$ cat start_28.cif   # mmCIF, C-alpha atoms
data_model
loop_
_atom_site.label_atom_id
_atom_site.label_comp_id
_atom_site.auth_asym_id
_atom_site.auth_seq_id
_atom_site.Cartn_x
_atom_site.Cartn_y
_atom_site.Cartn_z
CA MET A 1 -28.53 -217.68 75.86
CA SER A 2 -31.93 -219.12 74.94
CA ASP A 3 -34.44 -218.55 72.15
CA ASP A 4 -37.38 -218.83 74.59
CA LEU A 5 -39.16 -215.47 74.60
CA SER A 6 -40.94 -215.96 77.94
CA ALA A 7 -39.28 -214.24 80.90
CA VAL A 8 -38.20 -216.42 83.81
CA LEU A 9 -38.71 -213.50 86.19
CA GLU A 10 -40.28 -210.12 85.63
CA LEU A 11 -40.91 -207.22 87.98
CA LYS A 12 -43.21 -204.60 86.48
CA GLU A 13 -43.12 -201.43 88.58
CA ALA A 14 -43.45 -203.73 91.62
CA LEU A 15 -43.94 -201.54 94.70
CA PRO A 16 -43.49 -203.63 97.88
CA VAL A 17 -45.37 -203.03 101.11
CA PHE A 18 -42.68 -201.42 103.27
CA GLU A 19 -44.01 -202.69 106.60
CA GLU A 20 -43.74 -206.31 105.43
CA SER A 21 -40.70 -206.14 103.18
CA GLY A 22 -38.38 -203.54 104.69
CA LEU A 23 -37.45 -202.52 101.14
CA ALA A 24 -37.61 -198.87 100.15
CA SER A 25 -41.09 -197.93 98.94
CA ILE A 26 -40.12 -197.49 95.32
CA PRO A 27 -41.12 -199.50 92.26
CA TYR A 28 -38.73 -202.20 91.01
CA SER A 29 -38.53 -203.33 87.41
CA LEU A 30 -36.43 -206.02 85.77
CA ARG A 31 -36.79 -208.71 83.12
CA LEU A 32 -34.75 -211.90 83.34
CA MET A 33 -34.86 -214.12 80.27
CA PRO A 34 -33.94 -217.84 80.16
CA GLY A 35 -30.16 -218.18 80.37
CA ASP A 36 -29.64 -214.58 81.47
CA CYS A 37 -27.69 -213.62 84.58
CA LEU A 38 -28.06 -210.49 86.68
CA LEU A 39 -25.10 -209.70 88.92
CA ILE A 40 -26.36 -207.52 91.77
CA ALA A 41 -23.92 -205.86 94.16
CA CYS A 42 -25.38 -205.19 97.60
CA ARG A 43 -23.40 -204.53 100.77
CA ASP A 44 -26.45 -205.05 103.01
CA PRO A 45 -27.24 -208.79 103.39
CA LEU A 46 -30.71 -208.07 104.79
CA ARG A 47 -31.61 -205.95 101.75
CA THR A 48 -30.38 -208.76 99.51
CA THR A 49 -32.62 -211.30 101.25
CA ARG A 50 -35.62 -208.98 101.11
CA PHE A 51 -35.16 -208.43 97.38
CA ALA A 52 -34.82 -212.18 96.80
CA ASP A 53 -38.06 -212.62 98.78
CA LEU A 54 -39.72 -210.09 96.46
CA CYS A 55 -38.60 -212.14 93.45
CA SER A 56 -39.94 -215.29 95.15
CA GLY A 57 -43.43 -213.88 95.63
CA LEU A 58 -43.07 -213.69 99.41
CA THR A 59 -43.60 -209.92 99.59
CA PRO A 60 -47.03 -208.29 99.14
CA LEU A 61 -47.23 -205.40 96.70
CA VAL A 62 -48.91 -202.01 96.91
CA SER A 63 -49.02 -201.90 93.12
CA GLY A 64 -47.35 -203.36 90.05
CA HIS A 65 -46.67 -207.01 89.32
CA ALA A 66 -44.10 -209.71 90.08
CA LEU A 67 -44.18 -212.68 87.72
CA CYS A 68 -42.25 -215.95 87.64
CA LEU A 69 -42.40 -218.12 84.51
CA GLY A 70 -45.23 -215.89 83.30
CA LEU A 71 -47.35 -216.40 86.44
CA ASP A 72 -48.31 -213.47 88.66
CA TRP A 73 -47.38 -214.34 92.25
CA GLU A 74 -50.30 -212.40 93.74
CA LYS A 75 -52.85 -214.21 91.57
CA LEU A 76 -51.70 -217.72 92.52
CA ALA A 77 -53.37 -219.85 95.16
CA GLU A 78 -51.00 -220.65 98.02
CA THR A 79 -50.49 -224.28 96.97
CA ARG A 80 -49.64 -223.26 93.39
CA ALA A 81 -47.31 -220.52 94.62
CA TRP A 82 -45.33 -222.99 96.73
CA ALA A 83 -45.24 -225.44 93.83
CA LEU A 84 -43.78 -222.67 91.66
CA ARG A 85 -41.17 -221.94 94.33
CA GLY A 86 -40.17 -225.56 93.90
CA ARG A 87 -38.70 -224.47 90.54
CA ILE A 88 -36.45 -221.92 92.26
CA GLY A 89 -33.00 -222.81 93.56
CA ARG A 90 -31.87 -220.47 96.28
CA VAL A 91 -28.79 -219.88 98.39
CA MET A 92 -29.89 -217.88 101.44
CA GLN A 93 -27.80 -215.61 103.65
CA GLN A 94 -28.66 -217.46 106.84
CA GLY A 95 -28.60 -220.86 105.21
CA ALA A 96 -32.17 -221.84 106.19
CA TRP A 97 -30.83 -225.09 107.61
CA ILE A 98 -32.81 -227.31 109.97
CA ASP A 99 -30.32 -228.73 112.43
CA LEU A 100 -32.72 -231.47 113.59
CA PHE A 101 -32.08 -233.20 110.24
CA GLY A 102 -28.93 -234.25 108.46
CA THR A 103 -27.56 -231.99 105.75
CA ASP A 104 -28.50 -234.63 103.18
CA LEU A 105 -32.20 -234.37 104.03
CA ASN A 106 -31.95 -230.57 104.13
CA ILE A 107 -30.61 -230.72 100.58
CA LEU A 108 -33.17 -233.19 99.27
CA VAL A 109 -36.39 -232.10 100.97
CA GLN A 110 -37.50 -229.45 98.45
CA GLN A 111 -37.17 -231.83 95.52
CA LEU A 112 -38.75 -234.69 97.46
CA HIS A 113 -41.74 -232.45 98.19
CA HIS A 114 -42.17 -230.80 94.80
CA THR A 115 -41.19 -233.45 92.23
CA ARG A 116 -42.00 -237.03 91.39
CA THR A 117 -38.39 -237.91 90.68
CA PRO A 118 -37.51 -241.22 92.36
CA THR A 119 -35.66 -240.68 95.63
CA GLN A 120 -32.62 -242.69 94.56
CA ASP A 121 -32.28 -240.59 91.40
CA LEU A 122 -32.29 -237.41 93.52
CA VAL A 123 -29.74 -238.89 95.90
CA ASP A 124 -27.50 -239.85 92.97
CA GLU A 125 -27.78 -236.37 91.42
CA ALA A 126 -27.12 -234.64 94.75
CA THR A 127 -24.13 -236.89 95.45
CA ALA A 128 -22.63 -236.13 92.05
CA LEU A 129 -23.17 -232.40 92.58
CA ALA A 130 -21.59 -232.60 96.05
CA ARG A 131 -18.50 -234.25 94.64
CA ARG A 132 -18.20 -231.65 91.89
CA PHE A 133 -18.24 -228.96 94.58
CA GLY A 134 -15.43 -230.71 96.45
CA LEU A 135 -17.37 -232.62 99.11
CA PRO A 136 -16.56 -236.33 99.55
CA GLY A 137 -20.23 -237.15 99.06
CA LEU A 138 -23.65 -236.11 100.31
CA PRO A 139 -23.00 -234.98 103.92
CA SER A 140 -25.15 -236.69 106.53
CA LEU A 141 -23.99 -234.66 109.54
CA ALA A 142 -26.30 -231.95 110.87
CA PRO A 143 -25.56 -228.61 109.15
CA GLY A 144 -24.31 -227.09 112.40
CA ARG A 145 -21.56 -229.71 112.56
CA LEU A 146 -20.17 -228.85 109.13
CA SER A 147 -17.48 -226.23 108.59
CA LYS A 148 -18.64 -222.92 107.12
CA ALA A 149 -16.92 -223.80 103.85
CA ASP A 150 -18.68 -227.16 103.62
CA ARG A 151 -22.05 -225.55 104.42
CA ALA A 152 -21.46 -223.10 101.54
CA LYS A 153 -20.81 -226.03 99.20
CA ALA A 154 -23.88 -227.87 100.50
CA ALA A 155 -25.99 -224.73 99.96
CA CYS A 156 -24.93 -224.66 96.31
CA VAL A 157 -25.73 -228.37 95.93
CA ARG A 158 -29.23 -227.71 97.28
CA ALA A 159 -29.75 -224.70 94.99
CA PHE A 160 -28.60 -226.42 91.78
CA LEU A 161 -30.35 -229.74 92.47
CA GLY A 162 -33.27 -230.62 90.21
CA GLU A 163 -32.43 -228.32 87.28
CA PRO A 164 -34.21 -225.20 88.61
CA ARG A 165 -35.68 -222.62 86.21
CA LEU A 166 -34.59 -219.69 88.40
CA LEU A 167 -31.58 -219.36 90.70
CA LEU A 168 -31.49 -216.71 93.45
CA LEU A 169 -27.97 -216.86 94.88
CA GLU A 170 -27.23 -214.72 97.93
CA ASP A 171 -23.44 -214.53 98.32
CA PRO A 172 -22.91 -218.14 97.19
CA VAL A 173 -19.14 -217.60 97.00
CA GLU A 174 -17.10 -215.31 99.24
CA GLN A 175 -13.41 -214.51 99.44
CA GLU A 176 -12.90 -217.00 102.24
CA ASN A 177 -14.22 -219.90 100.15
CA ALA A 178 -13.18 -218.66 96.72
CA ASP A 179 -11.53 -222.05 96.08
CA MET A 180 -14.99 -223.31 95.07
CA MET A 181 -15.35 -220.64 92.35
CA THR A 182 -14.28 -222.92 89.50
CA ALA A 183 -16.87 -225.56 90.41
CA PHE A 184 -19.50 -222.88 91.01
CA LEU A 185 -18.96 -221.23 87.62
CA ALA A 186 -19.09 -224.60 85.88
CA GLU A 187 -22.49 -225.38 87.43
CA LEU A 188 -23.70 -221.83 86.79
CA THR A 189 -22.76 -222.08 83.12
CA ALA A 190 -24.45 -225.48 82.75
CA ALA A 191 -27.62 -224.14 84.39
CA ARG A 192 -27.70 -221.11 82.12
CA GLU A 193 -27.21 -223.29 79.05
CA ARG A 194 -30.29 -225.26 80.11
CA GLY A 195 -32.27 -221.98 80.13
CA CYS A 196 -32.16 -221.21 83.85
CA GLY A 197 -32.30 -217.52 84.73
CA VAL A 198 -29.85 -216.44 87.44
CA ILE A 199 -29.59 -213.58 89.92
CA TRP A 200 -26.22 -213.64 91.71
CA PHE A 201 -26.02 -211.24 94.65
CA SER A 202 -22.68 -210.38 96.21
CA ARG A 203 -21.29 -208.13 98.94
CA GLU A 204 -17.92 -208.57 97.21
CA PRO A 205 -18.48 -207.70 93.53
CA GLU A 206 -14.75 -207.99 92.89
CA LEU A 207 -15.44 -211.74 92.79
CA TRP A 208 -17.11 -211.15 89.42
CA HIS A 209 -13.86 -209.93 87.85
CA GLY A 210 -13.47 -211.61 84.49
CA TYR A 211 -17.03 -212.99 84.37
CA ASN A 212 -18.40 -211.42 81.21
CA ALA A 213 -20.51 -214.20 79.72
CA MET A 214 -23.09 -213.20 77.13
CA GLY A 215 -26.46 -212.28 78.63
CA THR A 216 -24.96 -210.90 81.84
CA GLN A 217 -25.91 -207.52 83.32
CA ARG A 218 -24.61 -205.76 86.44
CA PHE A 219 -26.57 -203.72 88.97
CA ARG A 220 -26.31 -202.23 92.44
CA LEU A 221 -29.13 -202.65 94.95
CA LEU A 222 -29.24 -199.44 97.00
CA ASP A 223 -31.72 -197.53 99.15
CA GLU A 224 -32.66 -195.73 95.93
CA GLY A 225 -33.51 -198.99 94.18
CA LEU A 226 -31.91 -201.18 91.53
CA MET A 227 -29.30 -199.17 89.62
CA PRO A 228 -27.28 -200.26 86.57
CA MET A 229 -23.56 -200.35 87.24
CA LYS A 230 -21.79 -197.82 85.05
CA GLN A 231 -18.65 -199.90 84.69
CA VAL A 232 -17.52 -203.47 84.98
CA VAL A 233 -16.01 -204.27 88.38
#

$ encode --input "start_28.cif" --output "structure tokens"
Amino acid sequence: MSDDLSAVLELKEALPVFEESGLASIPYSLRLMPGDCLLIACRDPLRTTRFADLCSGLTPLVSGHALCLGLDWEKLAETRAWALRGRIGRVMQQGAWIDLFGTDLNILVQQLHHTRTPTQDLVDEATALARRFGLPGLPSLAPGRLSKADRAKAACVRAFLGEPRLLLLEDPVEQENADMMTAFLAELTAARERGCGVIWFSREPELWHGYNAMGTQRFRLLDEGLMPMKQVV
């Protein structure tokens, strides 16, 4: 969906260190171009998180390469690696919420740390996103005091905030909160049109039914590695 020829994310025979990743000791390869979307079915939420960590440069490699926006994770100094992660929007299985802070600060903190965008502009953008996802505004309660459905919406607000270049979405929508699918797909489409590359993981691939946008590929993440799906779910 973009004419940019530089991959947003590329794994080149990336063989993770098993002891630190928990992933099977096999090489992983993929190439995600701007605007592309990989739909990855995985029934094991821990495997999903470990693979997303691999894509985020958090997993050491035995061999091969993992690159984001053309930069090799293993060749980056720690400060530059974390700055690059500031360009990644992520929905995580366990939420990664800090209950000592309000949900609003949890949502804003990555952008406050990694960008020079004025705080009020970030608050305005986050508030608008929250409303599009069906929240009354930017929630100030601690994450633990929100309903599971509202935390899922807040997680999407955090991931999409700041026009990320790469989205790693671990089960962002599930059957029990499928009412947010329309808003989610609208934001996903807008992000892809801006050139954001997307990996959407799901334990429930039936949720993808009917999503056949150009530049979309489907895979399964198994013990044997990343396998193309032979048919549309």

$ resolve_selection --input "start_28.cif" --expression "the PyMOL selection byres ((chain A and resi 176) around 12)" --output "VMD selection string"
chain A and resid 148 to 150 152 171 to 175 177 to 181 204 207

$ residues_around --input "start_28.cif" --residues "A:Leu54" --least-positions-apart "4" --cutoff "10 Å" --atoms "all atoms listed in the file" --output "list in words"
Leu11, Ala14, Leu15, Pro16, Ser21, Leu23, Tyr28, Thr48, Thr49, Arg50, Leu58, Thr59, Pro60, Leu61, Ala66 and Trp73 of chain A

$ residues_around --input "start_28.cif" --residues "A:Leu32" --least-positions-apart "3" --cutoff "7 Å" --atoms "all atoms listed in the file" --output "ChimeraX atom specification"
/A:7-10,36,197

$ residues_around --input "start_28.cif" --residues "A:Ser202" --least-positions-apart "4" --cutoff "12 Å" --atoms "only C-alpha atoms" --output "JSON, numbers by chain"
{"A": [38, 39, 40, 41, 42, 43, 44, 45, 46, 47, 48, 49, 91, 92, 93, 168, 169, 170, 171, 172, 173, 174, 175, 206, 207, 208, 218, 219, 220, 221, 233]}

$ closest_residue --input "start_28.cif" --among "A:Asp104, A:Leu188, A:Ser140, A:Leu135" --to "A:Val123" --atoms "all atoms listed in the file"
A:Asp104

$ resolve_selection --input "start_28.cif" --expression "the PyMOL selection byres ((chain A and resi 156) around 9)" --output "JSON, numbers by chain"
{"A": [89, 90, 91, 129, 130, 133, 151, 152, 153, 154, 155, 157, 158, 159, 160, 161, 169, 172, 184]}

$ closest_residue --input "start_28.cif" --among "A:Leu167, A:Gly134, A:Ala52, A:Leu226" --to "A:Ala183" --atoms "all atoms listed in the file"
A:Gly134

$ atom_distance --input "start_28.cif" --atom1 "atom CA of A:Glu224" --atom2 "atom CA of A:Gly57"
21.1 Å

$ closest_residue --input "start_28.cif" --among "A:Leu105, A:Cys68, A:Ala213, A:Cys37" --to "A:Arg87" --atoms "only C-alpha atoms"
A:Cys68

$ atom_distance --input "start_28.cif" --atom1 "atom CA of A:Leu30" --atom2 "atom CA of A:Lys12"
7.0 Å

$ closest_residue --input "start_28.cif" --among "A:Gly162, A:Gly195, A:Gly215, A:Gly70" --to "A:Val109" --atoms "all atoms listed in the file"
A:Gly162

$ resolve_selection --input "start_28.cif" --expression "the PyMOL selection byres ((chain A and resi 194) around 12)" --output "mmCIF file with C-alpha atoms, in the coordinates of the input"
data_model
loop_
_atom_site.group_PDB
_atom_site.id
_atom_site.type_symbol
_atom_site.label_atom_id
_atom_site.label_comp_id
_atom_site.auth_asym_id
_atom_site.auth_seq_id
_atom_site.Cartn_x
_atom_site.Cartn_y
_atom_site.Cartn_z
ATOM 1 C CA MET A 1 -28.530 -217.680 75.860
ATOM 2 C CA SER A 2 -31.930 -219.120 74.940
ATOM 3 C CA ASP A 3 -34.440 -218.550 72.150
ATOM 4 C CA ASP A 4 -37.380 -218.830 74.590
ATOM 5 C CA PRO A 34 -33.940 -217.840 80.160
ATOM 6 C CA GLY A 35 -30.160 -218.180 80.370
ATOM 7 C CA ASP A 36 -29.640 -214.580 81.470
ATOM 8 C CA PHE A 160 -28.600 -226.420 91.780
ATOM 9 C CA GLY A 162 -33.270 -230.620 90.210
ATOM 10 C CA GLU A 163 -32.430 -228.320 87.280
ATOM 11 C CA PRO A 164 -34.210 -225.200 88.610
ATOM 12 C CA ARG A 165 -35.680 -222.620 86.210
ATOM 13 C CA LEU A 166 -34.590 -219.690 88.400
ATOM 14 C CA GLU A 187 -22.490 -225.380 87.430
ATOM 15 C CA LEU A 188 -23.700 -221.830 86.790
ATOM 16 C CA THR A 189 -22.760 -222.080 83.120
ATOM 17 C CA ALA A 190 -24.450 -225.480 82.750
ATOM 18 C CA ALA A 191 -27.620 -224.140 84.390
ATOM 19 C CA ARG A 192 -27.700 -221.110 82.120
ATOM 20 C CA GLU A 193 -27.210 -223.290 79.050
ATOM 21 C CA GLY A 195 -32.270 -221.980 80.130
ATOM 22 C CA CYS A 196 -32.160 -221.210 83.850
ATOM 23 C CA GLY A 197 -32.300 -217.520 84.730
ATOM 24 C CA VAL A 198 -29.850 -216.440 87.440
#

$ closest_residue --input "start_28.cif" --among "A:Met229, A:Leu185, A:Leu141, A:Ile107" --to "A:Tyr211" --atoms "only C-alpha atoms"
A:Leu185

$ atom_distance --input "start_28.cif" --atom1 "atom CA of A:His113" --atom2 "atom CA of A:Leu84"
11.9 Å

$ closest_residue --input "start_28.cif" --among "A:Gly86, A:Gly144, A:Pro136, A:Pro205" --to "A:Leu112" --atoms "only C-alpha atoms"
A:Gly86

$ axis_aligned_box --input "start_28.cif" --around "stretch 40-51 of chain A" --padding-each-side "5 Å" --output "AutoDock Vina command-line options"
--center_x -29.5 --center_y -207.9 --center_z 98.3 --size_x 22.2 --size_y 16.8 --size_z 23.0

$ decode --input "start_28.cif" --residues "stretch 83-117 of chain A" --atoms "N, CA and C atoms" --output "tab-separated table (two decimals), in the first residue's frame"
chain	number	residue	atom	x	y	z
A	83	ALA	N	15.09	4.22	21.40
A	83	ALA	CA	14.48	5.29	20.60
A	83	ALA	C	13.73	4.70	19.41
A	84	LEU	N	14.31	3.67	18.79
A	84	LEU	CA	13.64	3.02	17.66
A	84	LEU	C	12.36	2.34	18.12
A	85	ARG	N	12.39	1.74	19.31
A	85	ARG	CA	11.16	1.12	19.84
A	85	ARG	C	10.08	2.16	20.08
A	86	GLY	N	10.48	3.41	20.21
A	86	GLY	CA	9.49	4.47	20.33
A	86	GLY	C	8.66	4.65	19.07
A	87	ARG	N	9.10	4.06	17.95
A	87	ARG	CA	8.34	4.12	16.70
A	87	ARG	C	7.42	2.91	16.54
A	88	ILE	N	7.40	2.05	17.54
A	88	ILE	CA	6.58	0.83	17.48
A	88	ILE	C	5.39	0.98	18.42
A	89	GLY	N	4.19	0.75	17.88
A	89	GLY	CA	3.00	0.69	18.72
A	89	GLY	C	2.70	-0.77	19.00
A	90	ARG	N	2.45	-1.08	20.26
A	90	ARG	CA	2.28	-2.49	20.61
A	90	ARG	C	1.12	-2.69	21.58
A	91	VAL	N	0.30	-3.68	21.29
A	91	VAL	CA	-0.68	-4.19	22.24
A	91	VAL	C	-0.09	-5.49	22.77
A	92	MET	N	0.08	-5.57	24.11
A	92	MET	CA	0.73	-6.73	24.71
A	92	MET	C	-0.30	-7.61	25.42
A	93	GLN	N	-0.01	-8.91	25.45
A	93	GLN	CA	-0.93	-9.87	26.06
A	93	GLN	C	-1.28	-9.49	27.49
A	94	GLN	N	-0.29	-9.15	28.28
A	94	GLN	CA	-0.51	-8.86	29.69
A	94	GLN	C	-0.78	-7.38	29.95
A	95	GLY	N	-0.85	-6.61	28.89
A	95	GLY	CA	-1.20	-5.20	29.04
A	95	GLY	C	-0.03	-4.28	29.33
A	96	ALA	N	0.94	-4.74	30.14
A	96	ALA	CA	2.09	-3.91	30.51
A	96	ALA	C	1.64	-2.59	31.13
A	97	TRP	N	0.62	-2.67	31.97
A	97	TRP	CA	0.11	-1.49	32.65
A	97	TRP	C	0.82	-1.29	33.98
A	98	ILE	N	1.02	-0.04	34.37
A	98	ILE	CA	1.58	0.30	35.67
A	98	ILE	C	0.45	0.88	36.50
A	99	ASP	N	0.01	0.12	37.49
A	99	ASP	CA	-1.20	0.51	38.23
A	99	ASP	C	-0.95	1.66	39.20
A	100	LEU	N	0.31	2.04	39.41
A	100	LEU	CA	0.60	3.19	40.26
A	100	LEU	C	0.21	4.50	39.58
A	101	PHE	N	0.05	4.46	38.24
A	101	PHE	CA	-0.30	5.65	37.47
A	101	PHE	C	-1.69	5.50	36.86
A	102	GLY	N	-2.28	6.61	36.51
A	102	GLY	CA	-3.55	6.57	35.80
A	102	GLY	C	-3.37	5.99	34.41
A	103	THR	N	-4.46	5.51	33.84
A	103	THR	CA	-4.39	4.95	32.48
A	103	THR	C	-3.94	6.01	31.49
A	104	ASP	N	-4.32	7.26	31.72
A	104	ASP	CA	-3.93	8.33	30.81
A	104	ASP	C	-2.41	8.46	30.72
A	105	LEU	N	-1.73	8.42	31.86
A	105	LEU	CA	-0.26	8.52	31.83
A	105	LEU	C	0.35	7.26	31.23
A	106	ASN	N	-0.23	6.09	31.51
A	106	ASN	CA	0.23	4.85	30.88
A	106	ASN	C	0.17	4.97	29.35
A	107	ILE	N	-0.87	5.59	28.85
A	107	ILE	CA	-1.04	5.75	27.41
A	107	ILE	C	-0.02	6.73	26.83
A	108	LEU	N	0.23	7.80	27.56
A	108	LEU	CA	1.02	8.91	27.02
A	108	LEU	C	2.53	8.75	27.19
A	109	VAL	N	2.95	7.92	28.16
A	109	VAL	CA	4.35	7.98	28.60
A	109	VAL	C	5.35	7.67	27.48
A	110	GLN	N	5.05	6.71	26.60
A	110	GLN	CA	6.02	6.39	25.54
A	110	GLN	C	6.24	7.58	24.63
A	111	GLN	N	5.15	8.23	24.23
A	111	GLN	CA	5.29	9.39	23.35
A	111	GLN	C	5.93	10.58	24.07
A	112	LEU	N	5.62	10.75	25.35
A	112	LEU	CA	6.24	11.83	26.11
A	112	LEU	C	7.76	11.63	26.20
A	113	HIS	N	8.17	10.37	26.27
A	113	HIS	CA	9.60	10.06	26.43
A	113	HIS	C	10.35	10.12	25.10
A	114	HIS	N	9.68	9.72	24.01
A	114	HIS	CA	10.41	9.52	22.76
A	114	HIS	C	10.16	10.60	21.70
A	115	THR	N	9.26	11.54	21.94
A	115	THR	CA	9.00	12.56	20.93
A	115	THR	C	9.08	13.95	21.56
A	116	ARG	N	9.12	14.94	20.70
A	116	ARG	CA	9.11	16.33	21.15
A	116	ARG	C	7.75	16.97	20.92
A	117	THR	N	6.76	16.17	20.64
A	117	THR	CA	5.42	16.70	20.44
A	117	THR	C	4.92	17.34	21.73
